[in-house]
file query17.cif (mmCIF, C-alpha atoms)
data_upload
#
loop_
_atom_site.group_PDB
_atom_site.id
_atom_site.type_symbol
_atom_site.label_atom_id
_atom_site.label_comp_id
_atom_site.auth_asym_id
_atom_site.auth_seq_id
_atom_site.Cartn_x
_atom_site.Cartn_y
_atom_site.Cartn_z
ATOM 1 C CA MET A 1356 5.977 0.669 2.351
ATOM 2 C CA ILE A 1357 5.546 4.053 0.541
ATOM 3 C CA VAL A 1358 6.917 4.708 -2.940
ATOM 4 C CA THR A 1359 7.161 8.343 -4.071
ATOM 5 C CA LEU A 1360 7.506 9.505 -7.654
ATOM 6 C CA THR A 1361 10.968 10.989 -8.096
ATOM 7 C CA GLY A 1362 11.687 13.912 -10.400
ATOM 8 C CA ALA A 1363 13.359 11.597 -12.874
ATOM 9 C CA ALA A 1364 10.353 9.288 -12.889
ATOM 10 C CA ALA A 1365 7.964 12.219 -13.376
ATOM 11 C CA ALA A 1366 10.036 13.485 -16.281
ATOM 12 C CA ALA A 1367 9.932 10.044 -17.828
ATOM 13 C CA LEU A 1368 6.133 10.386 -17.996
ATOM 14 C CA ILE A 1369 6.214 13.802 -19.625
ATOM 15 C CA VAL A 1370 9.105 13.606 -22.103
ATOM 16 C CA PRO A 1371 7.563 10.936 -24.409
ATOM 17 C CA ALA A 1372 4.729 13.347 -25.155
ATOM 18 C CA LEU A 1373 7.184 16.012 -26.298
ATOM 19 C CA VAL A 1374 9.709 14.046 -28.357
ATOM 20 C CA ALA A 1375 9.718 11.141 -30.746
ATOM 21 C CA ALA A 1376 9.443 7.737 -29.134
ATOM 22 C CA ALA A 1377 12.773 6.116 -28.259
ATOM 23 C CA PRO A 1378 13.544 2.519 -29.233
ATOM 24 C CA ALA A 1379 11.957 -0.065 -26.930
ATOM 25 C CA SER A 1380 15.322 -1.163 -25.545
ATOM 26 C CA ALA A 1381 16.169 2.412 -24.571
ATOM 27 C CA ARG A 1382 12.765 3.033 -22.970
ATOM 28 C CA THR A 1383 12.842 -0.088 -20.819
ATOM 29 C CA ALA A 1384 16.510 -0.334 -19.857
ATOM 30 C CA PRO A 1385 16.568 -0.279 -16.008
ATOM 31 C CA ALA A 1386 18.997 2.064 -14.310
ATOM 32 C CA ASP A 1387 19.479 0.019 -11.129
ATOM 33 C CA PRO A 1388 17.729 -2.716 -9.066
ATOM 34 C CA VAL A 1389 15.668 -0.255 -7.008
ATOM 35 C CA SER A 1390 14.341 1.515 -10.114
ATOM 36 C CA ALA A 1391 13.677 -1.837 -11.781
ATOM 37 C CA LEU A 1392 11.706 -2.981 -8.738
ATOM 38 C CA LYS A 1393 9.592 0.171 -8.628
ATOM 39 C CA SER A 1394 8.792 -0.231 -12.329
ATOM 40 C CA GLN A 1395 7.014 -3.488 -11.454
ATOM 41 C CA PHE A 1396 4.583 -1.810 -9.056
ATOM 42 C CA THR A 1397 1.502 -2.022 -11.277
ATOM 43 C CA ALA A 1398 -1.982 -3.021 -10.125
ATOM 44 C CA HIS A 1399 -2.898 -6.673 -10.695
ATOM 45 C CA ARG A 1400 0.636 -7.644 -11.630
ATOM 46 C CA GLY A 1401 3.013 -9.576 -9.464
ATOM 47 C CA VAL A 1402 5.774 -12.122 -9.078
ATOM 48 C CA LYS A 1403 5.906 -15.808 -8.146
ATOM 49 C CA LEU A 1404 7.679 -16.778 -4.929
ATOM 50 C CA ASP A 1405 9.249 -20.141 -4.071
ATOM 51 C CA GLU A 1406 10.873 -19.923 -0.668
ATOM 52 C CA GLN A 1407 12.763 -22.517 1.350
ATOM 53 C CA GLY A 1408 13.714 -22.095 4.971
ATOM 54 C CA LYS A 1409 15.670 -23.873 7.662
ATOM 55 C CA LEU A 1410 15.424 -23.289 11.393
ATOM 56 C CA ILE A 1411 18.451 -24.999 12.885
ATOM 57 C CA GLY A 1412 18.696 -25.696 16.601
ATOM 58 C CA GLU A 1413 22.362 -26.130 17.432
ATOM 59 C CA GLY A 1414 23.175 -27.382 20.911
ATOM 60 C CA LYS A 1415 22.349 -30.300 23.187
ATOM 61 C CA ASN A 1416 19.649 -31.634 20.863
ATOM 62 C CA ASP A 1417 20.482 -30.597 17.317
ATOM 63 C CA ARG A 1418 17.375 -30.400 15.146
ATOM 64 C CA VAL A 1419 16.429 -28.881 11.803
ATOM 65 C CA ILE A 1420 12.955 -27.758 10.731
ATOM 66 C CA LEU A 1421 12.622 -27.513 6.956
ATOM 67 C CA SER A 1422 9.937 -25.384 5.336
ATOM 68 C CA ARG A 1423 8.727 -24.283 1.944
ATOM 69 C CA ARG A 1424 6.403 -21.454 1.000
ATOM 70 C CA ALA A 1425 5.211 -20.878 -2.552
ATOM 71 C CA GLY A 1426 2.634 -18.820 -4.389
ATOM 72 C CA VAL A 1427 2.068 -15.334 -5.809
ATOM 73 C CA LEU A 1428 2.766 -11.843 -4.495
ATOM 74 C CA GLU A 1429 0.585 -9.151 -6.055
ATOM 75 C CA PHE A 1430 1.695 -5.543 -6.555
ATOM 76 C CA GLY A 1431 -0.084 -2.232 -6.376
ATOM 77 C CA ARG A 1432 1.324 1.235 -6.988
ATOM 78 C CA LYS A 1433 3.244 1.190 -3.679
ATOM 79 C CA GLY A 1434 4.547 -2.361 -3.582
ATOM 80 C CA VAL A 1435 3.124 -5.703 -2.491
ATOM 81 C CA VAL A 1436 -0.576 -5.343 -1.646
ATOM 82 C CA ALA A 1437 -1.729 -8.982 -1.611
ATOM 83 C CA SER A 1438 -0.390 -12.525 -1.499
ATOM 84 C CA ASP A 1439 -1.549 -16.122 -1.786
ATOM 85 C CA LEU A 1440 1.026 -18.471 -0.288
ATOM 86 C CA THR A 1441 0.985 -22.110 0.803
ATOM 87 C CA SER A 1442 3.491 -23.324 3.394
ATOM 88 C CA THR A 1443 4.615 -26.886 4.072
ATOM 89 C CA PHE A 1444 7.011 -28.240 6.703
ATOM 90 C CA ARG A 1445 8.949 -31.402 7.310
ATOM 91 C CA LEU A 1446 11.470 -32.968 9.640
ATOM 92 C CA PRO A 1447 14.232 -35.396 8.672
ATOM 93 C CA SER A 1448 12.923 -38.950 8.271
ATOM 94 C CA ALA A 1449 14.509 -39.957 11.584
ATOM 95 C CA ASP A 1450 11.955 -37.780 13.387
ATOM 96 C CA ARG A 1451 8.780 -39.472 12.132
ATOM 97 C CA GLU A 1452 7.375 -39.862 15.630
ATOM 98 C CA LEU A 1453 7.841 -36.171 16.317
ATOM 99 C CA ALA A 1454 6.278 -35.303 12.957
ATOM 100 C CA GLU A 1455 3.211 -37.312 13.967
ATOM 101 C CA GLU A 1456 3.041 -35.590 17.366
ATOM 102 C CA PHE A 1457 3.200 -32.181 15.687
ATOM 103 C CA LYS A 1458 1.161 -33.175 12.622
ATOM 104 C CA ASN A 1459 -1.065 -30.085 12.742
ATOM 105 C CA LEU A 1460 1.999 -27.883 12.848
ATOM 106 C CA PHE A 1461 3.454 -29.636 9.794
ATOM 107 C CA ALA A 1462 0.254 -29.794 7.730
ATOM 108 C CA PRO A 1463 0.103 -27.556 4.627
ATOM 109 C CA THR A 1464 -1.111 -24.060 5.461
ATOM 110 C CA ARG A 1465 -2.474 -21.568 2.968
ATOM 111 C CA VAL A 1466 -2.516 -17.859 3.781
ATOM 112 C CA ILE A 1467 -4.258 -15.239 1.625
ATOM 113 C CA THR A 1468 -3.458 -11.642 2.543
ATOM 114 C CA VAL A 1469 -5.506 -8.881 0.938
ATOM 115 C CA LYS A 1470 -6.989 -5.498 1.888
ATOM 116 C CA GLY A 1471 -5.491 -5.420 5.363
ATOM 117 C CA PHE A 1472 -6.439 -8.937 6.470
ATOM 118 C CA SER A 1473 -4.843 -12.381 6.374
ATOM 119 C CA TYR A 1474 -6.938 -15.516 5.914
ATOM 120 C CA THR A 1475 -5.391 -18.801 7.057
ATOM 121 C CA SER A 1476 -6.613 -22.287 6.148
ATOM 122 C CA GLY A 1477 -5.111 -25.582 7.300
ATOM 123 C CA ALA A 1478 -4.847 -27.964 10.212
ATOM 124 C CA PHE A 1479 -2.723 -25.536 12.251
ATOM 125 C CA TYR A 1480 -5.831 -24.468 14.166
ATOM 126 C CA GLY A 1481 -7.008 -28.069 14.535
ATOM 127 C CA ASP A 1482 -10.614 -28.380 15.659
ATOM 128 C CA ALA A 1483 -10.777 -24.831 16.984
ATOM 129 C CA LEU A 1484 -12.698 -23.535 13.954
ATOM 130 C CA PRO A 1485 -16.483 -23.182 14.249
ATOM 131 C CA GLU A 1486 -18.493 -25.676 12.226
ATOM 132 C CA GLY A 1487 -18.645 -24.834 8.529
ATOM 133 C CA LYS A 1488 -15.692 -22.421 8.670
ATOM 134 C CA LYS A 1489 -12.471 -23.060 6.743
ATOM 135 C CA TRP A 1490 -10.527 -19.822 7.177
ATOM 136 C CA VAL A 1491 -9.297 -17.753 10.135
ATOM 137 C CA ARG A 1492 -9.121 -14.012 9.627
ATOM 138 C CA THR A 1493 -6.534 -11.822 11.374
ATOM 139 C CA ARG A 1494 -5.279 -8.309 10.814
ATOM 140 C CA ALA A 1495 -2.493 -8.291 8.225
ATOM 141 C CA GLY A 1496 0.837 -7.638 9.877
ATOM 142 C CA LEU A 1497 0.274 -10.185 12.610
ATOM 143 C CA VAL A 1498 2.556 -13.154 12.076
ATOM 144 C CA SER A 1499 0.334 -16.001 10.895
ATOM 145 C CA PRO A 1500 1.497 -19.609 10.469
ATOM 146 C CA GLY A 1501 4.246 -19.615 7.894
ATOM 147 C CA SER A 1502 7.902 -20.382 7.444
ATOM 148 C CA PRO A 1503 9.683 -20.675 10.807
ATOM 149 C CA ALA A 1504 12.727 -19.244 9.034
ATOM 150 C CA GLN A 1505 11.077 -16.045 7.891
ATOM 151 C CA GLN A 1506 12.692 -13.805 5.310
ATOM 152 C CA MET A 1507 14.848 -11.157 6.991
ATOM 153 C CA VAL A 1508 16.044 -9.494 3.769
ATOM 154 C CA ASN A 1509 12.960 -8.636 1.713
ATOM 155 C CA PRO A 1510 14.144 -7.447 -1.736
ATOM 156 C CA LEU A 1511 10.615 -6.348 -2.692
ATOM 157 C CA GLU A 1512 10.903 -3.342 -0.362
ATOM 158 C CA PRO A 1513 12.728 -0.494 -2.175
ATOM 159 C CA ALA A 1514 14.256 0.971 1.002
ATOM 160 C CA THR A 1515 15.446 -2.453 2.150
ATOM 161 C CA LEU A 1516 16.878 -3.306 -1.261
ATOM 162 C CA LYS A 1517 18.736 0.028 -1.384
ATOM 163 C CA ALA A 1518 20.138 -0.355 2.149
ATOM 164 C CA VAL A 1519 21.286 -3.920 1.575
ATOM 165 C CA LEU A 1520 22.956 -3.241 -1.785
ATOM 166 C CA ALA A 1521 24.802 -0.285 -0.227
ATOM 167 C CA ARG A 1522 26.572 -2.869 1.947
ATOM 168 C CA THR A 1523 27.708 -5.054 -0.937
ATOM 169 C CA ILE A 1524 31.098 -6.623 -0.253
ATOM 170 C CA SER A 1525 31.546 -8.686 -3.422
ATOM 171 C CA LYS A 1526 30.033 -9.497 -6.815
ATOM 172 C CA ARG A 1527 30.406 -12.593 -8.985
ATOM 173 C CA PRO A 1528 28.522 -14.469 -11.732
ATOM 174 C CA GLY A 1529 25.468 -16.186 -10.264
ATOM 175 C CA GLY A 1530 24.384 -18.537 -13.021
ATOM 176 C CA THR A 1531 20.993 -18.548 -14.743
ATOM 177 C CA TRP A 1532 17.772 -18.111 -12.762
ATOM 178 C CA ASP A 1533 14.293 -17.685 -14.248
ATOM 179 C CA GLY A 1534 15.837 -17.731 -17.712
ATOM 180 C CA THR A 1535 18.228 -14.860 -17.147
ATOM 181 C CA ARG A 1536 21.914 -14.673 -16.283
ATOM 182 C CA THR A 1537 22.532 -13.181 -12.872
ATOM 183 C CA VAL A 1538 25.221 -11.487 -10.829
ATOM 184 C CA VAL A 1539 25.437 -12.337 -7.105
ATOM 185 C CA HIS A 1540 25.796 -9.360 -4.782
ATOM 186 C CA SER A 1541 26.949 -10.495 -1.316
ATOM 187 C CA GLY A 1542 27.318 -8.650 1.959
ATOM 188 C CA MET A 1543 26.298 -8.223 5.580
ATOM 189 C CA ILE A 1544 23.854 -5.929 7.379
ATOM 190 C CA THR A 1545 22.948 -5.841 11.061
ATOM 191 C CA LEU A 1546 19.552 -6.729 12.464
ATOM 192 C CA GLY A 1547 19.241 -3.209 13.851
ATOM 193 C CA GLU A 1548 19.869 -1.648 10.444
ATOM 194 C CA LEU A 1549 17.244 -3.892 8.876
ATOM 195 C CA TYR A 1550 14.748 -2.979 11.602
ATOM 196 C CA LYS A 1551 15.106 0.706 10.694
ATOM 197 C CA VAL A 1552 14.334 0.266 6.979
ATOM 198 C CA SER A 1553 12.250 -2.920 6.638
ATOM 199 C CA PRO A 1554 8.512 -3.171 7.447
ATOM 200 C CA THR A 1555 8.898 -6.959 7.142
ATOM 201 C CA VAL A 1556 11.519 -7.104 9.882
ATOM 202 C CA ARG A 1557 9.562 -4.746 12.147
ATOM 203 C CA ALA A 1558 6.488 -6.965 11.796
ATOM 204 C CA LEU A 1559 8.454 -10.150 12.459
ATOM 205 C CA LEU A 1560 10.299 -8.857 15.520
ATOM 206 C CA GLY A 1561 7.338 -6.996 16.949
ATOM 207 C CA ALA A 1562 9.568 -4.629 18.920
ATOM 208 C CA LYS A 1563 12.855 -2.811 18.537
ATOM 209 C CA PRO A 1564 15.738 -5.236 19.036
ATOM 210 C CA SER A 1565 17.823 -4.891 22.173
ATOM 211 C CA ALA A 1566 21.285 -3.369 21.932
ATOM 212 C CA LYS A 1567 22.741 -6.892 21.996
ATOM 213 C CA SER A 1568 20.432 -8.194 19.260
ATOM 214 C CA ALA A 1569 20.713 -5.073 17.089
ATOM 215 C CA ILE A 1570 24.347 -5.825 16.250
ATOM 216 C CA LEU A 1571 23.658 -9.404 15.133
ATOM 217 C CA PRO A 1572 24.977 -9.822 11.573
ATOM 218 C CA VAL A 1573 22.597 -10.895 8.820
ATOM 219 C CA ASN A 1574 24.543 -12.340 5.907
ATOM 220 C CA TRP A 1575 22.878 -12.050 2.504
ATOM 221 C CA GLN A 1576 23.192 -12.783 -1.199
ATOM 222 C CA LEU A 1577 21.078 -11.243 -3.963
ATOM 223 C CA TYR A 1578 21.049 -12.765 -7.467
ATOM 224 C CA ILE A 1579 20.226 -9.902 -9.849
ATOM 225 C CA GLY A 1580 19.328 -10.470 -13.502
ATOM 226 C CA SER A 1581 20.392 -8.463 -16.544
ATOM 227 C CA ASP A 1582 17.061 -6.610 -16.244
ATOM 228 C CA GLN A 1583 18.133 -5.584 -12.706
ATOM 229 C CA LEU A 1584 15.336 -7.614 -11.070
ATOM 230 C CA VAL A 1585 16.115 -9.916 -8.144
ATOM 231 C CA ARG A 1586 15.750 -13.616 -8.943
ATOM 232 C CA ARG A 1587 17.020 -15.070 -5.681
ATOM 233 C CA ALA A 1588 17.608 -13.779 -2.150
ATOM 234 C CA VAL A 1589 19.475 -15.783 0.494
ATOM 235 C CA SER A 1590 19.872 -14.625 4.094
ATOM 236 C CA SER A 1591 21.000 -16.179 7.362
ATOM 237 C CA TRP A 1592 21.545 -15.122 10.955
ATOM 238 C CA THR A 1593 22.121 -16.804 14.294
ATOM 239 C CA GLN A 1594 20.502 -15.962 17.614
ATOM 240 C CA SER A 1595 21.819 -17.387 20.877
ATOM 241 C CA MET A 1596 19.121 -18.770 23.178
ATOM 242 C CA ARG A 1597 21.601 -20.013 25.760
ATOM 243 C CA GLY A 1598 20.430 -19.153 29.239
ATOM 244 C CA LEU A 1599 16.836 -19.834 28.165
ATOM 245 C CA THR A 1600 17.496 -23.147 26.408
ATOM 246 C CA SER A 1601 20.573 -25.111 25.364
ATOM 247 C CA LEU A 1602 20.259 -23.811 21.807
ATOM 248 C CA ASP A 1603 21.684 -21.398 19.319
ATOM 249 C CA LEU A 1604 19.098 -20.853 16.586
ATOM 250 C CA THR A 1605 20.240 -20.294 13.002
ATOM 251 C CA TYR A 1606 17.678 -18.976 10.508
ATOM 252 C CA LEU A 1607 18.391 -19.662 6.833
ATOM 253 C CA ASN A 1608 16.054 -18.392 4.121
ATOM 254 C CA ASP A 1609 16.342 -18.930 0.345
ATOM 255 C CA SER A 1610 13.692 -17.047 -1.670
ATOM 256 C CA ARG A 1611 13.390 -17.361 -5.441
ATOM 257 C CA TYR A 1612 11.424 -15.018 -7.680
ATOM 258 C CA SER A 1613 10.125 -15.801 -11.159
ATOM 259 C CA GLY A 1614 7.507 -14.650 -13.637
ATOM 260 C CA TRP A 1615 7.910 -10.939 -12.951
ATOM 261 C CA GLY A 1616 4.806 -9.150 -14.239
ATOM 262 C CA VAL A 1617 2.503 -12.164 -13.931
ATOM 263 C CA LYS A 1618 -1.217 -11.285 -13.887
ATOM 264 C CA SER A 1619 -2.823 -11.567 -10.453
ATOM 265 C CA ALA A 1620 -6.228 -10.809 -8.918
ATOM 266 C CA ILE A 1621 -6.149 -12.130 -5.350
ATOM 267 C CA LYS A 1622 -9.471 -12.044 -3.478
ATOM 268 C CA ALA A 1623 -10.567 -12.864 0.048
ATOM 269 C CA PRO A 1624 -12.295 -16.234 0.650
ATOM 270 C CA PRO A 1625 -16.132 -16.286 0.780
ATOM 271 C CA ALA A 1626 -17.335 -14.566 3.951
ATOM 272 C CA SER A 1627 -19.497 -17.582 4.830
ATOM 273 C CA GLN A 1628 -16.331 -19.667 5.269
ATOM 274 C CA VAL A 1629 -14.424 -17.173 7.426
ATOM 275 C CA ALA A 1630 -14.142 -16.983 11.227
ATOM 276 C CA ASP A 1631 -12.403 -14.251 13.198
ATOM 277 C CA ILE A 1632 -9.619 -15.245 15.568
ATOM 278 C CA ASP A 1633 -11.786 -14.559 18.649
ATOM 279 C CA GLU A 1634 -14.335 -17.133 17.445
ATOM 280 C CA LEU A 1635 -11.850 -19.998 17.752
ATOM 281 C CA ASP A 1636 -12.296 -22.428 20.619
ATOM 282 C CA PHE A 1637 -8.910 -23.159 22.134
ATOM 283 C CA GLU A 1638 -7.100 -22.455 25.345
ATOM 284 C CA ALA A 1639 -4.907 -19.372 25.237
ATOM 285 C CA GLY A 1640 -1.255 -19.447 26.196
ATOM 286 C CA GLY A 1641 1.179 -22.308 25.991
ATOM 287 C CA GLU A 1642 4.699 -22.367 24.651
ATOM 288 C CA ASP A 1643 5.790 -21.616 21.107
ATOM 289 C CA PRO A 1644 5.316 -24.891 19.185
ATOM 290 C CA PHE A 1645 8.481 -24.358 17.120
ATOM 291 C CA ALA A 1646 10.550 -23.732 20.268
ATOM 292 C CA ARG A 1647 9.068 -26.795 21.916
ATOM 293 C CA LEU A 1648 9.813 -28.900 18.849
ATOM 294 C CA LEU A 1649 13.440 -27.781 18.734
ATOM 295 C CA THR A 1650 14.014 -28.588 22.397
ATOM 296 C CA THR A 1651 12.117 -31.925 22.512
ATOM 297 C CA GLU A 1652 14.299 -34.813 23.602
ATOM 298 C CA ASN A 1653 15.033 -37.501 21.014
#
call {"tool": "encode", "arguments": {"input": "query17.cif", "output": "structure tokens"}}
result
Amino acid sequence: MIVTLTGAAAAALIVPALVAAAPASARTAPADPVSALKSQFTAHRGVKLDEQGKLIGEGKNDRVILSRRAGVLEFGRKGVVASDLTSTFRLPSADRELAEEFKNLFAPTRVITVKGFSYTSGAFYGDALPEGKKWVRTRAGLVSPGSPAQQMVNPLEPATLKAVLARTISKRPGGTWDGTRTVVHSGMITLGELYKVSPTVRALLGAKPSAKSAILPVNWQLYIGSDQLVRRAVSSWTQSMRGLTSLDLTYLNDSRYSGWGVKSAIKAPPASQVADIDELDFEAGGEDPFARLLTTEN
């Protein structure tokens, strides 16, 4: 995600040296959500994330996986450069036996991403870690254990935020979030359009969506505060798996942002506690555990 300094932004750096300082309210008033977002891109500052997700299997065996991911996203001059997030999962109480069978999958998982690498700690890898190691290191950008209903509309990417807001269908009062009154912008964008503008979506999908998948609608809502910063982002989309399984999968993500400008200094775990992915001792292959869970008979 690359942020360039526009002419207007460059002028904003020069003009204060030539004229008397403007009142604080005039200097800080954001022009629009994209400009407000870019103004937050300062080293060692960030925003808190509290994200809830649902992966809903609709078909022969209806099942819902619930997830939560919370922590801090740290900014640099070009956007998010580091994160420290902990994910938890749960099934409805009626599926206790399944939860026990998949206990490693549902155990809390912490992922630190910094300087091009992600470090994952938790029971997801079971006993595959070498003795004395607590973290698994992978290249950042690879999808590590996290919310099964990953965020498809990432409002921390300027290009994505601009593209999504350009498809706004309606606006209405959104209530108070993070201590500020918000306006809800609602609309729809296709998966193919998101793939073109969003590094997050490209990383999640791994490859360009097929012509059939590219036209899938992603419905979204953005709650934008009076300071033009996003406080909540909700997105959902449905993918048909019929022909492969008896399911249609609906992904619902609800991400909430607070504490804009919070101080952050995320660091990698101690090297002595880190193992690379090729050091793990487990058999390769096997089916996707989330897909297996959704299709398991009651």
call {"tool": "resolve_selection", "arguments": {"input": "query17.cif", "expression": "the PyMOL selection byres ((chain A and resi 1590) around 8)", "output": "PyMOL selection string"}}
result
chain A and resi 1506-1508+1573-1576+1588-1589+1591-1592+1607-1609
call {"tool": "resolve_selection", "arguments": {"input": "query17.cif", "expression": "the PyMOL selection byres ((chain A and resi 1624) around 12)", "output": "short mmCIF file (atom, residue, chain, number, x, y, z; two decimals) with C-alpha atoms, in the frame of the given file"}}
result
data_model
loop_
_atom_site.label_atom_id
_atom_site.label_comp_id
_atom_site.auth_asym_id
_atom_site.auth_seq_id
_atom_site.Cartn_x
_atom_site.Cartn_y
_atom_site.Cartn_z
CA ASP A 1439 -1.55 -16.12 -1.79
CA ARG A 1465 -2.47 -21.57 2.97
CA VAL A 1466 -2.52 -17.86 3.78
CA ILE A 1467 -4.26 -15.24 1.62
CA THR A 1468 -3.46 -11.64 2.54
CA VAL A 1469 -5.51 -8.88 0.94
CA PHE A 1472 -6.44 -8.94 6.47
CA SER A 1473 -4.84 -12.38 6.37
CA TYR A 1474 -6.94 -15.52 5.91
CA THR A 1475 -5.39 -18.80 7.06
CA SER A 1476 -6.61 -22.29 6.15
CA LYS A 1488 -15.69 -22.42 8.67
CA LYS A 1489 -12.47 -23.06 6.74
CA TRP A 1490 -10.53 -19.82 7.18
CA VAL A 1491 -9.30 -17.75 10.14
CA ARG A 1492 -9.12 -14.01 9.63
CA ILE A 1621 -6.15 -12.13 -5.35
CA LYS A 1622 -9.47 -12.04 -3.48
CA ALA A 1623 -10.57 -12.86 0.05
CA PRO A 1625 -16.13 -16.29 0.78
CA ALA A 1626 -17.34 -14.57 3.95
CA SER A 1627 -19.50 -17.58 4.83
CA GLN A 1628 -16.33 -19.67 5.27
CA VAL A 1629 -14.42 -17.17 7.43
CA ALA A 1630 -14.14 -16.98 11.23
#
call {"tool": "resolve_selection", "arguments": {"input": "query17.cif", "expression": "the PyMOL selection byres ((chain A and resi 1593) around 10)", "output": "PyMOL selection string"}}
result
chain A and resi 1410-1413+1571-1574+1591-1592+1594-1596+1603-1607
call {"tool": "atom_distance", "arguments": {"input": "query17.cif", "atom1": "CA of Leu1440 in chain A", "atom2": "CA of Gly1487 in chain A"}}
result
22.5 Å
call {"tool": "residues_near_point", "arguments": {"input": "query17.cif", "point": "(-14.8, -22.2, 18.4)", "cutoff": "10 Å", "atoms": "only C-alpha atoms", "output": "short mmCIF file (atom, residue, chain, number, x, y, z; two decimals) with C-alpha atoms, in the coordinates of the input"}}
result
data_model
loop_
_atom_site.label_atom_id
_atom_site.label_comp_id
_atom_site.auth_asym_id
_atom_site.auth_seq_id
_atom_site.Cartn_x
_atom_site.Cartn_y
_atom_site.Cartn_z
CA ASP A 1482 -10.61 -28.38 15.66
CA ALA A 1483 -10.78 -24.83 16.98
CA LEU A 1484 -12.70 -23.54 13.95
CA PRO A 1485 -16.48 -23.18 14.25
CA GLU A 1486 -18.49 -25.68 12.23
CA LYS A 1488 -15.69 -22.42 8.67
CA ALA A 1630 -14.14 -16.98 11.23
CA ASP A 1631 -12.40 -14.25 13.20
CA ILE A 1632 -9.62 -15.24 15.57
CA ASP A 1633 -11.79 -14.56 18.65
CA GLU A 1634 -14.34 -17.13 17.44
CA LEU A 1635 -11.85 -20.00 17.75
CA ASP A 1636 -12.30 -22.43 20.62
CA PHE A 1637 -8.91 -23.16 22.13
#
call {"tool": "closest_residue", "arguments": {"input": "query17.cif", "among": "A:Lys1393, A:Pro1463, A:Ser1525, A:Thr1443", "to": "Gly1431 in chain A", "atoms": "only C-alpha atoms"}}
result
A:Lys1393
call {"tool": "closest_residue", "arguments": {"input": "query17.cif", "among": "A:Thr1493, A:Ser1442, A:Arg1432, A:Arg1424", "to": "Gly1477 in chain A", "atoms": "only C-alpha atoms"}}
result
A:Ser1442
call {"tool": "atom_distance", "arguments": {"input": "query17.cif", "atom1": "CA of Leu1511 in chain A", "atom2": "CA of Ser1565 in chain A"}}
result
25.9 Å
call {"tool": "atom_distance", "arguments": {"input": "query17.cif", "atom1": "CA of Phe1479 in chain A", "atom2": "CA of Leu1421 in chain A"}}
result
16.4 Å
call {"tool": "residues_around", "arguments": {"input": "query17.cif", "residues": "Thr1535 in chain A", "least_positions_apart": "2", "cutoff": "9 Å", "atoms": "all atoms listed in the file", "output": "list in words"}}
result
Gly1530, Thr1531, Trp1532, Asp1533, Thr1537, Gly1580, Ser1581, Asp1582 and Arg1586 of chain A
call {"tool": "closest_residue", "arguments": {"input": "query17.cif", "among": "A:Val1436, A:Leu1516, A:Leu1559, A:Ala1569", "to": "Ala1391 in chain A", "atoms": "all atoms listed in the file"}}
result
A:Leu1516
call {"tool": "residues_near_point", "arguments": {"input": "query17.cif", "point": "(24.7, -14.2, -7.1)", "cutoff": "8 Å", "atoms": "only C-alpha atoms", "output": "number ranges by chain"}}
result
A: 1526-1530, 1537-1541, 1576-1579, 1587
call {"tool": "axis_aligned_box", "arguments": {"input": "query17.cif", "around": "range 1396-1400 of chain A", "padding_each_side": "6 Å", "output": "lines of an AutoDock Vina configuration file"}}
result
center_x = 0.8
center_y = -4.7
center_z = -10.3
size_x = 19.5
size_y = 17.8
size_z = 14.6
call {"tool": "closest_residue", "arguments": {"input": "query17.cif", "among": "A:Thr1523, A:Thr1515, A:Ser1390, A:Ser1610", "to": "Leu1584 in chain A", "atoms": "only C-alpha atoms"}}
result
A:Ser1390
call {"tool": "residues_around", "arguments": {"input": "query17.cif", "residues": "Val1389 in chain A", "least_positions_apart": "6", "cutoff": "12 Å", "atoms": "only C-alpha atoms", "output": "PDB file with C-alpha atoms, in the frame of the given file"}}
result
ATOM      1  CA  VAL A1358       6.917   4.708  -2.940  1.00  0.00           C
ATOM      2  CA  GLN A1395       7.014  -3.488 -11.454  1.00  0.00           C
ATOM      3  CA  PHE A1396       4.583  -1.810  -9.056  1.00  0.00           C
ATOM      4  CA  GLY A1434       4.547  -2.361  -3.582  1.00  0.00           C
ATOM      5  CA  PRO A1510      14.144  -7.447  -1.736  1.00  0.00           C
ATOM      6  CA  LEU A1511      10.615  -6.348  -2.692  1.00  0.00           C
ATOM      7  CA  GLU A1512      10.903  -3.342  -0.362  1.00  0.00           C
ATOM      8  CA  PRO A1513      12.728  -0.494  -2.175  1.00  0.00           C
ATOM      9  CA  ALA A1514      14.256   0.971   1.002  1.00  0.00           C
ATOM     10  CA  THR A1515      15.446  -2.453   2.150  1.00  0.00           C
ATOM     11  CA  LEU A1516      16.878  -3.306  -1.261  1.00  0.00           C
ATOM     12  CA  LYS A1517      18.736   0.028  -1.384  1.00  0.00           C
ATOM     13  CA  ALA A1518      20.138  -0.355   2.149  1.00  0.00           C
ATOM     14  CA  VAL A1519      21.286  -3.920   1.575  1.00  0.00           C
ATOM     15  CA  LEU A1520      22.956  -3.241  -1.785  1.00  0.00           C
ATOM     16  CA  ALA A1521      24.802  -0.285  -0.227  1.00  0.00           C
ATOM     17  CA  ILE A1579      20.226  -9.902  -9.849  1.00  0.00           C
ATOM     18  CA  ASP A1582      17.061  -6.610 -16.244  1.00  0.00           C
ATOM     19  CA  GLN A1583      18.133  -5.584 -12.706  1.00  0.00           C
ATOM     20  CA  LEU A1584      15.336  -7.614 -11.070  1.00  0.00           C
ATOM     21  CA  VAL A1585      16.115  -9.916  -8.144  1.00  0.00           C
TER      22      VAL A1585
END
call {"tool": "decode", "arguments": {"input": "query17.cif", "residues": "range 1604-1613 of chain A", "atoms": "C-alpha atoms", "output": "compact mmCIF listing (two decimals), in the first residue's frame"}}
result
# COMPACT_ATOMS: atom_id res chain seq x y z
CA LEU A 1604 -20.80 -19.96 2.67
CA THR A 1605 -21.65 -16.49 3.97
CA TYR A 1606 -18.81 -14.37 5.38
CA LEU A 1607 -19.81 -11.60 7.79
CA ASN A 1608 -17.20 -9.28 9.28
CA ASP A 1609 -17.75 -6.45 11.79
CA SER A 1610 -14.58 -4.43 12.54
CA ARG A 1611 -14.51 -1.62 15.09
CA TYR A 1612 -11.77 0.98 15.39
CA SER A 1613 -10.98 3.06 18.47
